[in-house]
Amino acid sequence: MNAKLETGATTRPVTRQTFDDVLVPTYAPAAMVPVRAAGLDLWDQNGKHYLDFTSGIAVSSLGHCNPALVAALTEQLNRVWHLGNGYTNEPVLRLALALTEATFADRAFFCNSGAEANEGALKLARKYAHTKFGPHKSRIISCLSSFHGRTLFTVSVGGQPKYTEGFEPLPQEIDHIPYNDIEAARAAIGDDVCAVIVEPIQGEGGVIPGDPAYLKALRELCDQTGALLIFDEVQSGVGRTGALYAYMDKGVTPDILTSAKALGNGYPIGAMLTTNEIAAHFGVGSHGTTYGGNPLAATVALNVLETINQPAFLARVKQASDKIFANLRKLAADYPQVFGEVRGSGLLIGLPVAEPFKGRAKDITKAAEALGLMLLIAGTDVVRFAPALIVTDAQIDEADRILRAAVDGMLNAAPAK
């Protein structure tokens, strides 16, 4: 037998150092290692408690170890785990029906992640344009500072050069324009464009809401040129903004929508939603994925969708958002040397740092984590808040208290020598 398999790997002690020893260094995780969580509460290896306002980067919207999801997944675990796409299964059929009934879409394609969903959307857009108009219609328009995934295609479409450096040559016929700039869109979107992909709210780019007038202009330009409008709702979707999907509050309907993150509450799943006419350009064998439509993932996602897509639930998201915005506006007013004006939508919120703290958003989140509050960043200059959608008023106030204490600690620290 392989000696490496006889070492008790499932029970041996591991620490944060183990990451540095054996994992490819594509991340720089926190010093603490979480081992247990429930709702928005989390505990590390040392038993220290944290209030989680990250939800796994806008993923665990119903909280860690949600009892209803645990029960649904456990039941499915005792039925069937995986089949492969030579067969279909009941959970994925129910999920497809639920998503198409709840949105503009007629058809759904399932995969494993937001990157895969965007990859599929971009491939479909080029296939549609090639078939309907010819190979000249292949250019893709995206926005500067956007983020659409980590495949070579999606990092090229994303508007952040730091994610493409060293991976050249990149896919061609992709152009980037400033976000929320209607005139730039008009100049860029011509008859050779097959697709315009946009986040209704830029997440990684700094939590910047899309101007409804801008999004409507994109819709009009796509209609005029025959391009498809793709909304990347990987982060903004599934209740995060207080609507099931952000497009529903923007007054703009896309041709293709991508969803992931919160759809599985931590179980990997992605979805691409579109219309009958567009979906018809993907025939049997033209695209696929081994795990897409897995019955375990579909079971979790269906229960997530049925829980979140309720008027009372979505109304509560907006109430929680109002409270966090009020707290953060007061925080920014009390610490003008640290923070700027809060922005975002629903429970996807960005708090920019002021000029004296430029480049130090990560320092702020580290200080908060040391006191038991987990936060995110969106670039180097924005602190990002993405708590589970089930966050309570008491937890919102506790996060405010901890963040204030963290900022006080930073301001009171002796200057570095």
# chains A, B, ... in the order shown; residues from 1 in each chain; ligands from 1

call {"tool": "residues_around", "arguments": {"residues": "Gly63 in chain A", "least_positions_apart": "2", "cutoff": "8 Å", "atoms": "only C-alpha atoms", "output": "count of residues only"}}
result
12

call {"tool": "select_by_dssp", "arguments": {"residues": "range 173-371 of chain A", "states": "helix (DSSP H, G or I)", "output": "PyMOL selection string"}}
result
chain A and resi 182-188+212-225+247-250+261-264+276-279+295-308+311-334+355-357+361-370

call {"tool": "closest_atom_pairs", "arguments": {"of": "range 235-301 of chain A", "to": "range 196-200 of chain A", "cutoff": "8 Å", "atoms": "only C-alpha atoms", "output": "tab-separated table"}}
result
residue	atom	partner	partner_atom	distance
A:Ser236	CA	A:Pro200	CA	7.4
A:Ala246	CA	A:Pro200	CA	6.6
A:Tyr247	CA	A:Pro200	CA	6.9

call {"tool": "select_by_dssp", "arguments": {"residues": "range 99-338 of chain A", "states": "strand (DSSP E or B)", "output": "ChimeraX atom specification"}}
result
/A:107-111,139-144,159,174-177,193-198,201-202,208-209,228-232,256-259,270-274

call {"tool": "atom_distance", "arguments": {"atom1": "CA of Ala9 in chain A", "atom2": "CA of Asn46 in chain A"}}
result
20.5 Å

call {"tool": "atom_distance", "arguments": {"atom1": "CA of Ile402 in chain A", "atom2": "CA of Met374 in chain A"}}
result
10.1 Å

call {"tool": "closest_residue", "arguments": {"among": "A:Leu411, A:Leu73, A:Met272, A:Leu351", "to": "Asn303 in chain A", "atoms": "only C-alpha atoms"}}
result
A:Leu73

call {"tool": "residues_around", "arguments": {"residues": "range 179-195 of chain A", "least_positions_apart": "5", "cutoff": "7 Å", "atoms": "only C-alpha atoms", "output": "VMD selection string"}}
result
chain A and resid 125 to 126 129 136 to 141 143 to 144 210 to 211 214 217 221 225 227 to 230

call {"tool": "write_last_selection", "arguments": {"atoms": "C-alpha atoms", "output": "short mmCIF file (atom, residue, chain, number, x, y, z; two decimals), in the first residue's frame"}}
result
data_model
loop_
_atom_site.label_atom_id
_atom_site.label_comp_id
_atom_site.auth_asym_id
_atom_site.auth_seq_id
_atom_site.Cartn_x
_atom_site.Cartn_y
_atom_site.Cartn_z
CA ALA A 125 -23.23 34.71 -26.63
CA ARG A 126 -20.47 34.14 -29.19
CA ALA A 129 -23.91 35.75 -32.70
CA HIS A 136 -17.49 39.07 -37.58
CA LYS A 137 -19.81 39.63 -34.61
CA SER A 138 -17.55 38.41 -31.82
CA ARG A 139 -16.36 41.37 -29.76
CA ILE A 140 -17.19 41.44 -26.04
CA ILE A 141 -17.61 44.62 -24.01
CA CYS A 143 -16.27 47.25 -17.65
CA LEU A 144 -13.08 48.42 -16.04
CA GLY A 210 -24.96 50.48 -11.34
CA ASP A 211 -26.85 53.61 -12.30
CA TYR A 214 -26.62 53.37 -17.44
CA ALA A 217 -28.68 52.54 -21.93
CA LEU A 221 -27.61 49.72 -27.24
CA THR A 225 -26.88 46.33 -32.41
CA ALA A 227 -25.72 42.17 -28.98
CA LEU A 228 -26.74 40.15 -25.95
CA LEU A 229 -26.83 41.79 -22.52
CA ILE A 230 -25.37 39.58 -19.79
#

call {"tool": "residues_around", "arguments": {"residues": "Gly266 in chain A", "least_positions_apart": "4", "cutoff": "10 Å", "atoms": "only C-alpha atoms", "output": "list in words"}}
result
Ser55, Gly56, Ile57, Ala58, Val59, Ser60, Ser61, Leu62, Gly63, His64, Cys65, Ala260, Lys261, Ala262, Ala297, Val300 and Ala301 of chain A

call {"tool": "closest_residue", "arguments": {"among": "A:Phe153, A:Tyr335, A:Phe385, A:Tyr291", "to": "Gly84 in chain A", "atoms": "only C-alpha atoms"}}
result
A:Tyr291

call {"tool": "residues_around", "arguments": {"residues": "Ala98 in chain A", "least_positions_apart": "4", "cutoff": "12 Å", "atoms": "only C-alpha atoms", "output": "ChimeraX atom specification"}}
result
/A:91-94,102-108,273,298-299,301-307,309

call {"tool": "closest_residue", "arguments": {"among": "A:Gly242, A:Gly283, A:Gly359, A:Gly264", "to": "Phe313 in chain A", "atoms": "only C-alpha atoms"}}
result
A:Gly242

call {"tool": "closest_residue", "arguments": {"among": "A:Asp322, A:Asp223, A:Asp363, A:Asp381", "to": "Phe339 in chain A", "atoms": "only C-alpha atoms"}}
result
A:Asp381
